[in-house]
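Presented below is the structure to which this report refers.
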Amino acid sequence: MTLSPYVRIVARGAGRARPLEFSEARAALEVILDGAAEAEAVGALLMVLRLRGETAEEIAGFTAALRSFVHVKMPQADLDWPCYAAGRTRGAPLFLLAARLVAQCGYSVSLHGWNSHQQTSASVRDFLEPLGIGGIGSGAITYAPLEELCPEAYHLVRLRDVFGLRSCINTVLRMWNPSRASASVQGVFHPSYRGLQATAAHSLNQQHLTIIKGGGGEFERHPGKTTQVFGLRDGHHIQMPCPALVDDTRKLHEPDQAVDMMDLWHDRARDDFATATVIGTAGLALWTLGAAADVAAADALAARLWDTRLTSESILT
């Protein structure tokens with residue numbers, strides 16, 4: 001099987017081209033992941049979709065294909081937490097502290113991503129060991145690197161260096177859920193992808209999903225602004241606003257207001273805005289898991305977890 005039939009479908013020209021159906025998108029990515037596609041065809045398909053914009057059915061089909069290409073068996077987790085953009089954030093990846101709070105509430109959290117290539121002082125992988133976040137199967141909160149989970153997908157996302165542009169693979173990786181978790185959180189940089197990813201997840205029978213426009217494209221809630229939440233609850237679409245937590249509308253990760261994440265966690269420094277970021281992000285994640293009936297109650301739970309974080313380490317072992 002070659003990729004050319006699928007390139008023809010999307011690239012025939014005005015009036016003749018059409019989007020890929022779910023089954024076609026799934027088959028196309030399977031050809032690519034199997035190594036049966038020529039590099040030129042892969043580039044053509046991905047860039048045509050980039051120019052035109054992907055449909056929810058295409059994203060769902062690609063995601064279904066990727067889910068069958070996991071090289072490392074992962075334990076099933078409670079919460080899937082993709083993190084593929086933190087290398088471009090303007091400061092420390094505070095969402096990692098939020099993920100720790102969720103784990104300390106007794107949930108298993110599966111982080112997966114690829115961002116250590118970004119030459120910043122705030123790469124996700126720099127904080128894994130200090131925060132006690134281990135590899136696959138090592139505890140309640142883990143981080144799995146993309147290059148180990150699926151080298152083929154790693155190669156595809158690295159094509160950004162060749163194209164100079166992101167492709168739909170960046171979206172598919174957020175949808176992947178390699179730990180087969182019943183709930184997932186996702187961050188996007190471009191707001192239009194919130195509805196696209198929710199619709200694609202619905203096609204894949206996802207039940208519980210929360211998507212926000214987050215800091216640096218990650219699942220990281222701005223505490224000083226109303227956050228528009230998209231996603232699924234019990235398989236039904238949701239769209240709702242979540243109110244601000246603090247009266248402070250500064251940008252997340254202002255360069256001149258750098259946060260020492262480890263000092264913040266260990267109570268050696270205080271930053272109310274950063275703390276609210278952590279609590280608000282954890283609150284949305286806990287609400288996604290059904291730990292509280294509404295976001296306000298989940299935020300309150302996250303605040304209590306933050307206050308007791310230094311006496312709850314045993315939950316992570």
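As shown in the structure tokens, the chain order sets the letters A, B, ...; within each chain, residues go from 1, and ligands are also counted from 1 in the order they appear.
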
Residues of region 118-234 of chain A in helix (DSSP H, G or I), written as a PyMOL selection string
chain A and resi 124-126+146-149+151-158+160-163+168-175+192-203+215-217

Would you mind exporting N, CA and C atoms of the selected residues as a tab-separated table (two decimals), in the first residue's frame?
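The result, written out as again-v5.tsv:
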```tsv
chain	number	residue	atom	x	y	z
A	124	VAL	N	10.41	20.82	30.40
A	124	VAL	CA	9.68	19.90	31.28
A	124	VAL	C	10.62	18.88	31.91
A	125	ARG	N	11.49	18.29	31.12
A	125	ARG	CA	12.30	17.18	31.61
A	125	ARG	C	13.32	17.61	32.65
A	126	ASP	N	13.61	18.89	32.71
A	126	ASP	CA	14.53	19.38	33.74
A	126	ASP	C	13.93	19.25	35.14
A	146	LEU	N	8.11	10.77	24.08
A	146	LEU	CA	7.59	10.34	22.79
A	146	LEU	C	8.55	9.43	22.06
A	147	GLU	N	9.83	9.72	22.10
A	147	GLU	CA	10.80	8.93	21.32
A	147	GLU	C	10.89	7.49	21.78
A	148	GLU	N	10.46	7.22	23.02
A	148	GLU	CA	10.39	5.84	23.50
A	148	GLU	C	9.03	5.22	23.21
A	149	LEU	N	7.98	6.00	23.34
A	149	LEU	CA	6.63	5.47	23.12
A	149	LEU	C	6.40	5.10	21.66
A	151	PRO	N	8.79	5.81	18.19
A	151	PRO	CA	9.83	6.47	17.39
A	151	PRO	C	9.31	6.99	16.05
A	152	GLU	N	8.32	6.31	15.46
A	152	GLU	CA	7.78	6.76	14.18
A	152	GLU	C	7.08	8.11	14.31
A	153	ALA	N	6.31	8.27	15.38
A	153	ALA	CA	5.64	9.55	15.62
A	153	ALA	C	6.65	10.63	15.98
A	154	TYR	N	7.70	10.25	16.69
A	154	TYR	CA	8.78	11.17	17.01
A	154	TYR	C	9.40	11.73	15.72
A	155	HIS	N	9.62	10.85	14.75
A	155	HIS	CA	10.16	11.30	13.46
A	155	HIS	C	9.21	12.28	12.79
A	156	LEU	N	7.92	12.00	12.85
A	156	LEU	CA	6.94	12.86	12.19
A	156	LEU	C	6.89	14.24	12.83
A	157	VAL	N	6.91	14.31	14.14
A	157	VAL	CA	6.84	15.62	14.79
A	157	VAL	C	8.13	16.40	14.56
A	158	ARG	N	9.24	15.69	14.37
A	158	ARG	CA	10.51	16.36	14.08
A	158	ARG	C	10.55	16.95	12.67
A	160	ARG	N	8.80	19.15	11.71
A	160	ARG	CA	8.62	20.59	11.87
A	160	ARG	C	9.94	21.32	11.58
A	161	ASP	N	11.05	20.70	11.90
A	161	ASP	CA	12.35	21.31	11.62
A	161	ASP	C	12.59	21.43	10.11
A	162	VAL	N	11.98	20.53	9.34
A	162	VAL	CA	12.13	20.54	7.88
A	162	VAL	C	11.15	21.52	7.25
A	163	PHE	N	9.87	21.44	7.67
A	163	PHE	CA	8.82	22.27	7.08
A	163	PHE	C	8.89	23.72	7.55
A	168	CYS	N	-0.52	18.44	11.54
A	168	CYS	CA	-1.60	17.85	12.33
A	168	CYS	C	-1.08	16.83	13.33
A	169	ILE	N	0.14	16.34	13.16
A	169	ILE	CA	0.71	15.38	14.11
A	169	ILE	C	0.77	15.99	15.51
A	170	ASN	N	1.04	17.28	15.59
A	170	ASN	CA	1.06	17.93	16.90
A	170	ASN	C	-0.29	17.83	17.61
A	171	THR	N	-1.36	17.94	16.84
A	171	THR	CA	-2.71	17.80	17.40
A	171	THR	C	-3.00	16.35	17.76
A	172	VAL	N	-2.62	15.43	16.88
A	172	VAL	CA	-2.88	14.00	17.10
A	172	VAL	C	-2.18	13.51	18.36
A	173	LEU	N	-0.99	14.00	18.62
A	173	LEU	CA	-0.27	13.58	19.82
A	173	LEU	C	-1.02	13.99	21.09
A	174	ARG	N	-1.67	15.13	21.06
A	174	ARG	CA	-2.47	15.55	22.21
A	174	ARG	C	-3.69	14.63	22.39
A	175	MET	N	-4.18	14.09	21.29
A	175	MET	CA	-5.36	13.23	21.32
A	175	MET	C	-5.02	11.78	21.64
A	192	SER	N	-9.23	27.86	18.09
A	192	SER	CA	-10.12	27.10	17.21
A	192	SER	C	-9.97	25.60	17.37
A	193	TYR	N	-8.83	25.15	17.90
A	193	TYR	CA	-8.60	23.72	18.04
A	193	TYR	C	-9.38	23.12	19.21
A	194	ARG	N	-9.90	23.94	20.11
A	194	ARG	CA	-10.65	23.39	21.23
A	194	ARG	C	-11.87	22.61	20.75
A	195	GLY	N	-12.64	23.21	19.88
A	195	GLY	CA	-13.82	22.53	19.36
A	195	GLY	C	-13.46	21.38	18.44
A	196	LEU	N	-12.42	21.56	17.63
A	196	LEU	CA	-11.98	20.50	16.72
A	196	LEU	C	-11.59	19.24	17.49
A	197	GLN	N	-10.79	19.41	18.54
A	197	GLN	CA	-10.33	18.25	19.30
A	197	GLN	C	-11.46	17.61	20.09
A	198	ALA	N	-12.38	18.42	20.59
A	198	ALA	CA	-13.53	17.85	21.30
A	198	ALA	C	-14.39	17.00	20.36
A	199	THR	N	-14.59	17.48	19.14
A	199	THR	CA	-15.39	16.74	18.17
A	199	THR	C	-14.69	15.45	17.77
A	200	ALA	N	-13.38	15.53	17.56
A	200	ALA	CA	-12.61	14.32	17.22
A	200	ALA	C	-12.67	13.31	18.35
A	201	ALA	N	-12.56	13.78	19.59
A	201	ALA	CA	-12.61	12.88	20.74
A	201	ALA	C	-13.97	12.21	20.85
A	202	HIS	N	-15.01	12.95	20.53
A	202	HIS	CA	-16.36	12.37	20.55
A	202	HIS	C	-16.47	11.23	19.54
A	203	SER	N	-15.83	11.40	18.38
A	203	SER	CA	-15.84	10.33	17.37
A	203	SER	C	-15.12	9.08	17.86
A	215	GLY	N	-1.32	28.17	28.87
A	215	GLY	CA	-0.02	28.81	28.81
A	215	GLY	C	0.93	28.08	27.89
A	216	GLY	N	1.42	28.76	26.86
A	216	GLY	CA	2.35	28.15	25.93
A	216	GLY	C	1.77	27.00	25.15
A	217	GLY	N	0.45	26.86	25.13
A	217	GLY	CA	-0.19	25.75	24.45
A	217	GLY	C	-0.36	24.52	25.31
```

From a DSSP calculation on the backbone, collect every residue of region 91-120 of chain A in strand (DSSP E or B) and output the set as number ranges by chain.
A: 109-113

Output C-alpha atoms of each residue in that selection to a file, as a short mmCIF file (atom, residue, chain, number, x, y, z; two decimals), in the first residue's frame.
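Full text of part22.cif as output:
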```cif
data_model
loop_
_atom_site.label_atom_id
_atom_site.label_comp_id
_atom_site.auth_asym_id
_atom_site.auth_seq_id
_atom_site.Cartn_x
_atom_site.Cartn_y
_atom_site.Cartn_z
CA VAL A 109 -1.50 10.66 36.11
CA SER A 110 0.18 9.77 32.82
CA LEU A 111 2.23 12.61 31.35
CA HIS A 112 3.72 12.11 27.90
CA GLY A 113 5.47 14.48 25.56
#
```

Report as a ChimeraX atom specification all protein, DNA and RNA residues lying within 12 Å of region 257-262 of chain A, evaluated on only C-alpha atoms, omitting residues in the same chain fewer than 4 positions from it.
/A:89-98,121-124,126-132,250-253,266-275,277-278

Counting only C-alpha atoms, the option among A:Ala303, A:Leu165, A:Ala27, A:Leu232 closest to Ser68 (chain A):
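Among the listed residues, the smallest separation from Ser68 (chain A) belongs to A:Ala27.
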
Find the residues near Phe62 (chain A): any atom within 8 Å, counting only C-alpha atoms, skip ones fewer than 3 places away on the same chain, and give them as a VMD selection string.
chain A and resid 22 25 to 26 28 to 29 58 to 59 65 to 66 172

Can you pull out the residues contacting Met74 (chain A)? Cut-off 10 Å, using only C-alpha atoms, and skip same-chain residues under 2 positions away; I want them as a VMD selection string.
chain A and resid 70 to 72 76 to 77 110 136 to 137 144 149 178 to 180

Selection to disk with N, CA, C and O atoms, as a compact mmCIF listing (two decimals), in the first residue's frame:
```txt
# COMPACT_ATOMS: atom_id res chain seq x y z
N VAL A 70 2.02 1.96 19.83
CA VAL A 70 2.68 2.29 21.10
C VAL A 70 3.71 1.20 21.37
O VAL A 70 3.35 0.04 21.54
N HIS A 71 4.98 1.55 21.39
CA HIS A 71 6.04 0.56 21.50
C HIS A 71 6.27 0.09 22.93
O HIS A 71 6.85 -0.97 23.15
N VAL A 72 5.85 0.89 23.89
CA VAL A 72 6.05 0.55 25.31
C VAL A 72 4.69 0.41 25.96
O VAL A 72 3.88 1.34 25.93
N GLN A 76 -2.70 1.37 32.60
CA GLN A 76 -3.83 2.27 32.41
C GLN A 76 -3.85 3.30 33.52
O GLN A 76 -3.70 2.96 34.70
N ALA A 77 -4.03 4.54 33.15
CA ALA A 77 -4.01 5.63 34.12
C ALA A 77 -5.41 6.21 34.30
O ALA A 77 -6.32 5.96 33.51
N SER A 110 -0.76 10.17 33.87
CA SER A 110 0.18 9.77 32.82
C SER A 110 0.53 10.97 31.96
O SER A 110 -0.27 11.39 31.12
N ILE A 136 7.76 5.25 33.08
CA ILE A 136 6.59 4.39 32.95
C ILE A 136 6.56 3.33 34.04
O ILE A 136 7.55 2.64 34.28
N GLY A 137 5.42 3.23 34.72
CA GLY A 137 5.24 2.20 35.73
C GLY A 137 5.94 2.46 37.05
O GLY A 137 6.00 1.58 37.90
N ALA A 144 6.29 9.80 30.11
CA ALA A 144 6.80 8.93 29.05
C ALA A 144 7.23 9.78 27.87
O ALA A 144 6.41 10.52 27.32
N LEU A 149 7.98 6.00 23.34
CA LEU A 149 6.63 5.47 23.12
C LEU A 149 6.40 5.10 21.66
O LEU A 149 5.80 4.07 21.36
N PRO A 178 -2.04 7.36 25.19
CA PRO A 178 -1.44 6.02 25.12
C PRO A 178 -1.64 5.17 26.36
O PRO A 178 -1.46 3.95 26.30
N SER A 179 -2.03 5.77 27.48
CA SER A 179 -2.28 4.99 28.70
C SER A 179 -3.74 4.57 28.83
O SER A 179 -4.11 3.99 29.85
N ARG A 180 -4.55 4.90 27.82
CA ARG A 180 -5.96 4.47 27.79
C ARG A 180 -6.72 5.00 29.02
O ARG A 180 -7.59 4.32 29.57
```
